[in-house]
>>> print(open('protein-v9.pdb').read())   # PDB, C-alpha atoms and all ligand atoms
ATOM      1  CA  MET Z   1      -6.954 -16.116 -11.621
ATOM      2  CA  PHE Z   2     -10.390 -16.108 -10.028
ATOM      3  CA  THR Z   3     -12.860 -18.750 -11.136
ATOM      4  CA  ASN Z   4     -15.688 -18.117  -8.671
ATOM      5  CA  ALA Z   5     -17.534 -15.253  -7.047
ATOM      6  CA  ILE Z   6     -20.292 -15.298  -4.444
ATOM      7  CA  VAL Z   7     -22.725 -12.384  -4.372
ATOM      8  CA  ARG Z   8     -25.948 -11.484  -2.628
ATOM      9  CA  PRO Z   9     -28.363  -8.929  -4.127
ATOM     10  CA  PRO Z  10     -29.594  -6.078  -1.921
ATOM     11  CA  PRO Z  11     -32.902  -6.695  -0.117
ATOM     12  CA  PRO Z  12     -35.853  -4.287  -0.556
ATOM     13  CA  ASN Z  13     -35.045  -2.733   2.865
ATOM     14  CA  PHE Z  14     -31.437  -2.070   1.833
ATOM     15  CA  ALA Z  15     -31.908   1.587   2.884
ATOM     16  CA  GLU Z  16     -32.151   0.464   6.540
ATOM     17  CA  GLY Z  17     -28.473  -0.531   6.598
ATOM     18  CA  LEU Z  18     -25.616   1.340   8.249
ATOM     19  CA  THR Z  19     -24.313   4.472   6.580
ATOM     20  CA  THR Z  20     -22.311   7.642   7.231
ATOM     21  CA  ALA Z  21     -22.148   8.961   3.658
ATOM     22  CA  ASP Z  22     -25.054  11.398   4.045
ATOM     23  CA  LEU Z  23     -25.871  11.102   0.353
ATOM     24  CA  GLY Z  24     -29.580  10.400   0.897
ATOM     25  CA  PRO Z  25     -31.347   7.017   0.914
ATOM     26  CA  PRO Z  26     -30.617   4.566  -1.894
ATOM     27  CA  ASP Z  27     -33.273   3.634  -4.441
ATOM     28  CA  TYR Z  28     -33.866  -0.102  -4.218
ATOM     29  CA  TRP Z  29     -34.561  -0.650  -7.915
ATOM     30  CA  VAL Z  30     -31.565   1.356  -9.035
ATOM     31  CA  ALA Z  31     -29.442  -0.638  -6.556
ATOM     32  CA  TRP Z  32     -30.918  -3.858  -7.923
ATOM     33  CA  ALA Z  33     -30.012  -2.836 -11.485
ATOM     34  CA  GLU Z  34     -26.493  -1.773 -10.433
ATOM     35  CA  HIS Z  35     -26.039  -5.123  -8.724
ATOM     36  CA  ALA Z  36     -27.158  -6.945 -11.872
ATOM     37  CA  GLY Z  37     -24.606  -4.903 -13.843
ATOM     38  CA  TYR Z  38     -21.921  -5.883 -11.338
ATOM     39  CA  CYS Z  39     -22.750  -9.587 -11.708
ATOM     40  CA  ALA Z  40     -22.622  -9.271 -15.496
ATOM     41  CA  ALA Z  41     -19.216  -7.595 -15.209
ATOM     42  CA  LEU Z  42     -17.890 -10.467 -13.084
ATOM     43  CA  GLU Z  43     -19.156 -12.950 -15.651
ATOM     44  CA  LYS Z  44     -17.405 -10.992 -18.384
ATOM     45  CA  CYS Z  45     -14.194 -11.451 -16.355
ATOM     46  CA  GLY Z  46     -14.718 -15.203 -16.676
ATOM     47  CA  VAL Z  47     -15.881 -16.073 -13.161
ATOM     48  CA  LYS Z  48     -18.846 -18.259 -12.263
ATOM     49  CA  VAL Z  49     -21.190 -16.176 -10.121
ATOM     50  CA  THR Z  50     -23.053 -17.922  -7.271
ATOM     51  CA  LYS Z  51     -25.958 -15.739  -6.188
ATOM     52  CA  LEU Z  52     -27.397 -16.119  -2.678
ATOM     53  CA  ASP Z  53     -30.981 -15.061  -1.972
ATOM     54  CA  ALA Z  54     -31.415 -11.468  -0.843
ATOM     55  CA  ASP Z  55     -31.970 -11.384   2.930
ATOM     56  CA  PRO Z  56     -34.222  -8.655   4.369
ATOM     57  CA  ASN Z  57     -33.208  -9.714   7.902
ATOM     58  CA  PHE Z  58     -29.853  -8.107   7.157
ATOM     59  CA  PRO Z  59     -30.119  -4.872   5.143
ATOM     60  CA  ASP Z  60     -26.305  -4.713   4.703
ATOM     61  CA  SER Z  61     -25.945  -8.327   3.565
ATOM     62  CA  THR Z  62     -25.267  -7.366  -0.050
ATOM     63  CA  PHE Z  63     -21.795  -6.317   1.222
ATOM     64  CA  ILE Z  64     -20.836  -9.969   1.415
ATOM     65  CA  GLU Z  65     -17.093  -9.369   1.219
ATOM     66  CA  ASP Z  66     -17.158  -8.355   4.874
ATOM     67  CA  ILE Z  67     -18.359 -11.780   5.996
ATOM     68  CA  ALA Z  68     -15.396 -13.928   4.958
ATOM     69  CA  VAL Z  69     -11.827 -13.978   3.731
ATOM     70  CA  VAL Z  70     -11.413 -16.421   0.871
ATOM     71  CA  THR Z  71      -8.112 -17.396  -0.681
ATOM     72  CA  GLU Z  72      -6.951 -20.084  -3.072
ATOM     73  CA  ARG Z  73      -5.626 -21.979  -0.027
ATOM     74  CA  GLY Z  74      -8.604 -21.790   2.308
ATOM     75  CA  ALA Z  75     -11.536 -19.829   3.680
ATOM     76  CA  VAL Z  76     -12.082 -17.961   6.937
ATOM     77  CA  LEU Z  77     -15.461 -16.872   8.231
ATOM     78  CA  ALA Z  78     -15.330 -13.334   9.601
ATOM     79  CA  LEU Z  79     -17.014 -12.014  12.726
ATOM     80  CA  PRO Z  80     -18.429  -8.575  11.938
ATOM     81  CA  GLY Z  81     -17.689  -5.744  14.308
ATOM     82  CA  ALA Z  82     -21.091  -4.241  13.455
ATOM     83  CA  ALA Z  83     -23.627  -5.956  15.748
ATOM     84  CA  SER Z  84     -26.440  -5.617  13.193
ATOM     85  CA  ARG Z  85     -24.394  -7.714  10.750
ATOM     86  CA  ALA Z  86     -23.400 -10.588  13.063
ATOM     87  CA  GLY Z  87     -26.127 -12.946  11.795
ATOM     88  CA  GLU Z  88     -24.927 -12.654   8.191
ATOM     89  CA  VAL Z  89     -22.294 -15.318   8.828
ATOM     90  CA  GLU Z  90     -24.758 -18.250   8.931
ATOM     91  CA  THR Z  91     -25.635 -18.453   5.244
ATOM     92  CA  VAL Z  92     -22.118 -17.527   4.188
ATOM     93  CA  ARG Z  93     -20.753 -20.402   6.289
ATOM     94  CA  ASP Z  94     -23.139 -22.778   4.479
ATOM     95  CA  VAL Z  95     -22.187 -21.634   0.992
ATOM     96  CA  LEU Z  96     -18.443 -21.650   1.737
ATOM     97  CA  ALA Z  97     -18.761 -25.239   2.975
ATOM     98  CA  THR Z  98     -19.841 -26.209  -0.552
ATOM     99  CA  PHE Z  99     -16.528 -24.888  -1.943
ATOM    100  CA  PHE Z 100     -13.992 -25.489   0.863
ATOM    101  CA  GLN Z 101     -13.313 -28.639   2.924
ATOM    102  CA  THR Z 102     -12.512 -26.623   6.030
ATOM    103  CA  VAL Z 103     -13.919 -23.218   6.854
ATOM    104  CA  HIS Z 104     -11.906 -21.535   9.610
ATOM    105  CA  ALA Z 105     -13.583 -18.885  11.756
ATOM    106  CA  ILE Z 106     -12.713 -15.779  13.739
ATOM    107  CA  GLU Z 107     -13.785 -16.266  17.372
ATOM    108  CA  PRO Z 108     -14.770 -13.757  20.094
ATOM    109  CA  PRO Z 109     -13.352 -11.530  21.458
ATOM    110  CA  GLY Z 110     -11.969 -11.070  17.955
ATOM    111  CA  THR Z 111     -13.929  -9.124  15.374
ATOM    112  CA  LEU Z 112     -13.009  -8.917  11.732
ATOM    113  CA  GLU Z 113     -14.673  -7.731   8.525
ATOM    114  CA  GLY Z 114     -13.387  -8.814   5.122
ATOM    115  CA  GLY Z 115     -13.321  -5.228   3.880
ATOM    116  CA  ASP Z 116     -10.296  -4.784   6.130
ATOM    117  CA  VAL Z 117      -8.331  -7.530   4.401
ATOM    118  CA  CYS Z 118      -6.307  -6.838   1.270
ATOM    119  CA  GLN Z 119      -4.433  -9.672  -0.415
ATOM    120  CA  ALA Z 120      -1.321  -8.654  -2.332
ATOM    121  CA  GLY Z 121       0.059 -11.873  -3.764
ATOM    122  CA  ASN Z 122       1.224 -14.054  -0.872
ATOM    123  CA  HIS Z 123       1.037 -11.176   1.588
ATOM    124  CA  PHE Z 124      -2.024  -9.810   3.351
ATOM    125  CA  PHE Z 125      -2.610  -6.339   4.763
ATOM    126  CA  ILE Z 126      -5.092  -6.477   7.644
ATOM    127  CA  GLY Z 127      -6.683  -3.210   8.703
ATOM    128  CA  ILE Z 128      -7.429  -2.570  12.353
ATOM    129  CA  SER Z 129     -10.501  -0.380  12.288
ATOM    130  CA  LYS Z 130     -13.727   0.349  14.142
ATOM    131  CA  ARG Z 131     -14.930  -3.036  12.818
ATOM    132  CA  THR Z 132     -11.786  -5.198  13.027
ATOM    133  CA  ASN Z 133     -10.020  -5.380  16.374
ATOM    134  CA  GLU Z 134      -6.488  -6.490  17.216
ATOM    135  CA  ALA Z 135      -7.654  -9.905  18.451
ATOM    136  CA  GLY Z 136      -9.481 -10.537  15.169
ATOM    137  CA  ALA Z 137      -6.500  -9.380  13.123
ATOM    138  CA  GLU Z 138      -4.136 -11.637  15.153
ATOM    139  CA  GLN Z 139      -6.401 -14.641  14.674
ATOM    140  CA  LEU Z 140      -6.618 -14.058  10.939
ATOM    141  CA  ALA Z 141      -2.847 -13.603  10.651
ATOM    142  CA  GLN Z 142      -2.333 -16.960  12.366
ATOM    143  CA  ILE Z 143      -4.778 -18.759  10.112
ATOM    144  CA  LEU Z 144      -3.232 -17.145   7.023
ATOM    145  CA  SER Z 145       0.200 -18.156   8.266
ATOM    146  CA  SER Z 146      -1.010 -21.774   8.469
ATOM    147  CA  PHE Z 147      -1.917 -21.397   4.765
ATOM    148  CA  GLY Z 148       1.633 -20.161   4.070
ATOM    149  CA  TYR Z 149       0.842 -16.435   3.753
ATOM    150  CA  THR Z 150       2.441 -13.499   5.566
ATOM    151  CA  SER Z 151       0.518 -10.531   6.988
ATOM    152  CA  THR Z 152       1.022  -7.063   8.360
ATOM    153  CA  PHE Z 153      -1.430  -4.886  10.242
ATOM    154  CA  VAL Z 154      -2.474  -1.407   9.148
ATOM    155  CA  ASP Z 155      -4.002   0.824  11.792
ATOM    156  CA  MET Z 156      -7.035   2.525  10.211
ATOM    157  CA  ARG Z 157      -8.555   3.873  13.414
ATOM    158  CA  HIS Z 158      -7.486   7.457  12.772
ATOM    159  CA  GLU Z 159      -7.810   7.406   8.982
ATOM    160  CA  ARG Z 160     -10.170  10.098   7.650
ATOM    161  CA  THR Z 161     -11.331  11.226   4.258
ATOM    162  CA  THR Z 162     -13.303  14.282   3.155
ATOM    163  CA  ARG Z 163     -16.997  13.838   2.569
ATOM    164  CA  TRP Z 164     -18.732  15.500  -0.446
ATOM    165  CA  ASP Z 165     -19.788  18.392   1.826
ATOM    166  CA  GLY Z 166     -16.277  18.919   3.187
ATOM    167  CA  ALA Z 167     -16.973  17.175   6.500
ATOM    168  CA  PRO Z 168     -14.322  14.732   7.779
ATOM    169  CA  LEU Z 169     -15.405  11.117   7.387
ATOM    170  CA  ASP Z 170     -13.923   8.028   9.031
ATOM    171  CA  VAL Z 171     -12.568   5.524   6.517
ATOM    172  CA  LEU Z 172     -14.715   2.451   7.114
ATOM    173  CA  HIS Z 173     -12.368  -0.332   6.017
ATOM    174  CA  LEU Z 174      -8.812  -0.750   4.766
ATOM    175  CA  LYS Z 175     -10.094  -1.558   1.290
ATOM    176  CA  SER Z 176     -12.149   1.636   1.221
ATOM    177  CA  ALA Z 177      -8.734   3.238   0.674
ATOM    178  CA  ILE Z 178      -6.518   0.686  -1.101
ATOM    179  CA  ALA Z 179      -6.748  -1.982  -3.786
ATOM    180  CA  TYR Z 180      -4.107  -4.405  -5.041
ATOM    181  CA  LEU Z 181      -3.997  -4.752  -8.813
ATOM    182  CA  GLY Z 182      -1.346  -7.456  -9.132
ATOM    183  CA  ASP Z 183       2.084  -6.727 -10.664
ATOM    184  CA  ASN Z 184       3.227  -5.253  -7.304
ATOM    185  CA  ARG Z 185       0.843  -2.307  -7.849
ATOM    186  CA  LEU Z 186      -1.442  -0.701  -5.310
ATOM    187  CA  VAL Z 187      -4.126   1.895  -5.918
ATOM    188  CA  LEU Z 188      -4.482   4.050  -2.826
ATOM    189  CA  THR Z 189      -5.627   7.366  -1.425
ATOM    190  CA  GLU Z 190      -3.153  10.210  -0.877
ATOM    191  CA  ALA Z 191      -3.144   9.643   2.886
ATOM    192  CA  MET Z 192      -2.440   5.921   2.569
ATOM    193  CA  ALA Z 193       0.290   6.518  -0.004
ATOM    194  CA  LYS Z 194       2.311   8.358   2.646
ATOM    195  CA  ARG Z 195       2.404   5.327   4.933
ATOM    196  CA  ALA Z 196       5.520   3.227   5.301
ATOM    197  CA  GLU Z 197       3.608  -0.074   5.016
ATOM    198  CA  PHE Z 198       3.260   0.337   1.261
ATOM    199  CA  SER Z 199       6.710   1.656   0.352
ATOM    200  CA  ASP Z 200       7.765  -1.529  -1.483
ATOM    201  CA  TYR Z 201       4.950  -1.231  -4.007
ATOM    202  CA  GLN Z 202       4.376   0.783  -7.143
ATOM    203  CA  LEU Z 203       1.714   3.249  -6.071
ATOM    204  CA  ILE Z 204      -1.147   4.621  -8.122
ATOM    205  CA  VAL Z 205      -2.316   7.538  -6.011
ATOM    206  CA  VAL Z 206      -5.947   8.614  -6.175
ATOM    207  CA  ASP Z 207      -6.723  12.322  -5.813
ATOM    208  CA  GLU Z 208      -8.729  13.203  -2.720
ATOM    209  CA  ASP Z 209     -11.769  14.232  -4.806
ATOM    210  CA  GLU Z 210     -11.832  10.732  -6.351
ATOM    211  CA  ALA Z 211     -11.118   8.830  -3.116
ATOM    212  CA  TYR Z 212     -14.136   6.525  -3.502
ATOM    213  CA  GLY Z 213     -12.526   5.190  -6.703
ATOM    214  CA  ALA Z 214      -9.656   3.690  -4.687
ATOM    215  CA  ASN Z 215     -11.913   0.741  -3.964
ATOM    216  CA  CYS Z 216     -11.458  -0.716  -7.435
ATOM    217  CA  LEU Z 217     -11.151  -4.403  -8.183
ATOM    218  CA  ARG Z 218      -8.856  -6.436 -10.414
ATOM    219  CA  VAL Z 219     -10.607  -9.559 -11.634
ATOM    220  CA  ASN Z 220      -8.556 -11.553 -14.120
ATOM    221  CA  ASP Z 221      -8.059  -9.420 -17.250
ATOM    222  CA  TYR Z 222     -10.173  -6.461 -16.093
ATOM    223  CA  VAL Z 223     -10.164  -3.749 -13.489
ATOM    224  CA  LEU Z 224     -13.655  -2.878 -12.293
ATOM    225  CA  LEU Z 225     -13.905   0.814 -11.416
ATOM    226  CA  ALA Z 226     -16.797   2.875 -10.060
ATOM    227  CA  ALA Z 227     -18.116   5.468 -12.526
ATOM    228  CA  GLY Z 228     -17.254   9.116 -11.930
ATOM    229  CA  HIS Z 229     -13.472   8.899 -11.456
ATOM    230  CA  PRO Z 230     -12.052  10.207 -14.737
ATOM    231  CA  LYS Z 231      -8.544  10.958 -13.437
ATOM    232  CA  LEU Z 232      -8.083   7.497 -11.960
ATOM    233  CA  SER Z 233      -9.637   5.955 -15.052
ATOM    234  CA  ASN Z 234      -7.055   7.703 -17.251
ATOM    235  CA  LYS Z 235      -4.180   6.638 -15.011
ATOM    236  CA  LEU Z 236      -5.258   3.008 -15.139
ATOM    237  CA  LYS Z 237      -5.833   3.092 -18.893
ATOM    238  CA  SER Z 238      -2.435   4.650 -19.493
ATOM    239  CA  ILE Z 239      -0.802   1.720 -17.668
ATOM    240  CA  GLY Z 240      -2.693  -0.606 -19.984
ATOM    241  CA  TYR Z 241      -5.501  -2.006 -17.831
ATOM    242  CA  ASN Z 242      -8.820  -2.992 -19.425
ATOM    243  CA  LEU Z 243     -11.416  -1.107 -17.443
ATOM    244  CA  ASN Z 244     -15.018  -1.991 -16.828
ATOM    245  CA  VAL Z 245     -16.647   1.116 -15.362
ATOM    246  CA  LEU Z 246     -19.730   0.424 -13.243
ATOM    247  CA  ASP Z 247     -22.444   2.571 -11.688
ATOM    248  CA  MET Z 248     -22.222   2.205  -7.924
ATOM    249  CA  SER Z 249     -24.237   5.234  -6.788
ATOM    250  CA  GLU Z 250     -26.706   3.412  -4.547
ATOM    251  CA  PHE Z 251     -24.020   1.320  -2.833
ATOM    252  CA  GLN Z 252     -21.944   4.440  -2.214
ATOM    253  CA  ARG Z 253     -24.921   5.909  -0.351
ATOM    254  CA  MET Z 254     -24.579   2.957   2.044
ATOM    255  CA  ASP Z 255     -20.767   3.266   2.437
ATOM    256  CA  GLY Z 256     -20.127   0.258   0.190
ATOM    257  CA  GLY Z 257     -17.671  -0.045  -2.664
ATOM    258  CA  LEU Z 258     -17.066  -2.379  -5.575
ATOM    259  CA  SER Z 259     -15.040  -4.990  -3.729
ATOM    260  CA  CYS Z 260     -17.644  -5.272  -0.949
ATOM    261  CA  LEU Z 261     -20.202  -6.819  -3.264
ATOM    262  CA  SER Z 262     -18.470 -10.164  -3.806
ATOM    263  CA  LEU Z 263     -16.253 -12.883  -2.441
ATOM    264  CA  ARG Z 264     -13.807 -13.988  -5.130
ATOM    265  CA  PHE Z 265     -11.622 -17.071  -5.300
TER     266      PHE Z 265
HETATM  267  C1  LIG E 301     -21.655  -1.287   6.632
HETATM  268  O1  LIG E 301     -21.546  -0.199   7.236
HETATM  269  O2  LIG E 301     -21.293  -2.339   7.150
HETATM  270  C2  LIG E 301     -22.253  -1.287   5.258
HETATM  271  N1  LIG E 301     -23.259  -0.284   5.153
HETATM  272  C3  LIG E 301     -21.196  -1.031   4.207
HETATM  273  C4  LIG E 301     -20.125  -2.082   4.178
HETATM  274  C5  LIG E 301     -19.144  -1.852   3.096
HETATM  275  N2  LIG E 301     -18.198  -2.887   3.026
HETATM  276  C6  LIG E 301     -16.943  -2.738   2.645
HETATM  277  O3  LIG E 301     -16.469  -1.628   2.488
HETATM  278  N3  LIG E 301     -16.192  -3.836   2.550
END
>>> encode(input="protein-v9.pdb", output="structure tokens")
Amino acid sequence: MFTNAIVRPPPPNFAEGLTTADLGPPDYWVAWAEHAGYCAALEKCGVKVTKLDADPNFPDSTFIEDIAVVTERGAVLALPGAASRAGEVETVRDVLATFFQTVHAIEPPGTLEGGDVCQAGNHFFIGISKRTNEAGAEQLAQILSSFGYTSTFVDMRHERTTRWDGAPLDVLHLKSAIAYLGDNRLVLTEAMAKRAEFSDYQLIVVDEDEAYGANCLRVNDYVLLAAGHPKLSNKLKSIGYNLNVLDMSEFQRMDGGLSCLSLRF
């Protein structure tokens, strides 16, 4: 059960953030409204939402999940692999200190972004990507082990998806392509479903044309799902999940998914 979430609304210069989606610039006010809808959805799931001030110094700072790994046993401050995002850790460190006695931290030469970290019960999958390096993944695995969790690494460096125009697109983070729903169930893209790392799980495979939907989010009694993924929506409903379908269009333009918009614990 999650009781808390930390979020940060997009700043007015949100469009200046990093992106590869080639879907055109996001509209700030639409993004603002989508973010408000996301916060309302979290509240409906029964979590208390702590909202940080939007920070125009960091256009990508709404994607707060990348800046920490929070668990019921402790918190770890990340160290973003994207140089433009490095300064986002300061305010996140301060807010985590209000919830956790000790906040561990990834240290150079390690880099790690929370989007590469997928908790599946007492086990963690840690993606090694363009943003998370081996040193960062090793450091996180050691800290998680001190909390009593196990981890395995998933190499994402050659993982590609197909962009809307047919062009190949690098998968940004591990959780761009998988989500853990509880009950030993993973939602994942076709490419990820073929990988040995996930063979012990029940797999809900997302069709390639709905790949963005793989970044869905179980929060207590609901699964939050981005709008526009009817096949995945039907699969999840048929298993019996309560869905809350959310508009994410402006975040998708900036390569961000549902999970990226909050830290949950
Ligand atoms: C970035 O490139 O860092 C942001 N524009 C998007 C980050 C999305 N985060 C995530 O998938 N966890």
>>> resolve_selection(input="protein-v9.pdb", expression="the PyMOL selection byres (((not hetatm)) within 7 of (chain E and resi 301))", output="VMD selection string")
chain Z and resid 17 to 19 60 63 65 to 66 82 114 to 116 172 to 173 175 to 176 254 to 257 259 to 260
>>> closest_atom_pairs(input="protein-v9.pdb", of="segment 133-220 of chain Z", to="segment 247-251 of chain Z", cutoff="12 Å", atoms="only C-alpha atoms", output="CSV")
residue,atom,partner,partner_atom,distance
Z:Tyr212,CA,Z:Met248,CA,10.2
Z:Gly213,CA,Z:Met248,CA,10.2
Z:Asn215,CA,Z:Met248,CA,11.1
Z:Cys216,CA,Z:Met248,CA,11.2
>>> atom_distance(input="protein-v9.pdb", atom1="atom CA of His229 of chain Z", atom2="atom CA of Phe2 of chain Z")
25.2 Å
>>> residues_around(input="protein-v9.pdb", residues="segment 50-53 of chain Z", least_positions_apart="6", cutoff="12 Å", atoms="all atoms listed in the file", output="PyMOL selection string")
chain Z and resi 3-12+35-36+38-40+42-43+61-64+88+91-96+98-99+261-265
>>> closest_residue(input="protein-v9.pdb", among="Z:Lys237, Z:Gln252, Z:Tyr222, Z:Val89", to="Gly46 of chain Z", atoms="all atoms listed in the file")
Z:Tyr222
>>> closest_residue(input="protein-v9.pdb", among="Z:Cys45, Z:Ala137, Z:Val154, Z:Leu258", to="Gly81 of chain Z", atoms="all atoms listed in the file")
Z:Ala137
>>> residues_around(input="protein-v9.pdb", residues="Ser233 of chain Z", least_positions_apart="6", cutoff="12 Å", atoms="only C-alpha atoms", output="MDAnalysis selection string")
chainID Z and resid 187 204:207 210 213:214 216 223:227 239:246
>>> resolve_selection(input="protein-v9.pdb", expression="the PyMOL selection byres (((chain Z and resi 156) around 8) and not hetatm)", output="list in words")
Gly127, Ile128, Ser129, Val154, Asp155, Arg157, His158, Glu159, Val171, His173 and Leu174 of chain Z
>>> atom_distance(input="protein-v9.pdb", atom1="atom CA of Pro25 of chain Z", atom2="atom CA of Pro59 of chain Z")
12.7 Å
>>> closest_residue(input="protein-v9.pdb", among="Z:Thr150, Z:Gln119, Z:Thr189, Z:Ser199", to="Leu217 of chain Z", atoms="all atoms listed in the file")
Z:Gln119
>>> atom_distance(input="protein-v9.pdb", atom1="atom CA of His104 of chain Z", atom2="atom CA of Glu72 of chain Z")
13.7 Å
>>> closest_atom_pairs(input="protein-v9.pdb", of="segment 22-133 of chain Z", to="segment 181-185 of chain Z", cutoff="12 Å", atoms="all atoms listed in the file", output="JSON lines")
{"residue": "Z:Cys118", "atom": "CA", "partner": "Z:Leu181", "partner_atom": "CA", "distance": 10.6}
{"residue": "Z:Gln119", "atom": "CA", "partner": "Z:Gly182", "partner_atom": "CA", "distance": 9.5}
{"residue": "Z:Ala120", "atom": "CA", "partner": "Z:Gly182", "partner_atom": "CA", "distance": 6.9}
{"residue": "Z:Gly121", "atom": "CA", "partner": "Z:Gly182", "partner_atom": "CA", "distance": 7.1}
{"residue": "Z:Asn122", "atom": "CA", "partner": "Z:Gly182", "partner_atom": "CA", "distance": 10.9}
{"residue": "Z:His123", "atom": "CA", "partner": "Z:Asn184", "partner_atom": "CA", "distance": 10.9}
>>> closest_residue(input="protein-v9.pdb", among="Z:Lys44, Z:Trp32, Z:Phe147, Z:Lys130", to="Asp221 of chain Z", atoms="all atoms listed in the file")
Z:Lys44
>>> closest_residue(input="protein-v9.pdb", among="Z:Asp27, Z:Glu134, Z:Asp22, Z:Glu113", to="Pro168 of chain Z", atoms="all atoms listed in the file")
Z:Asp22
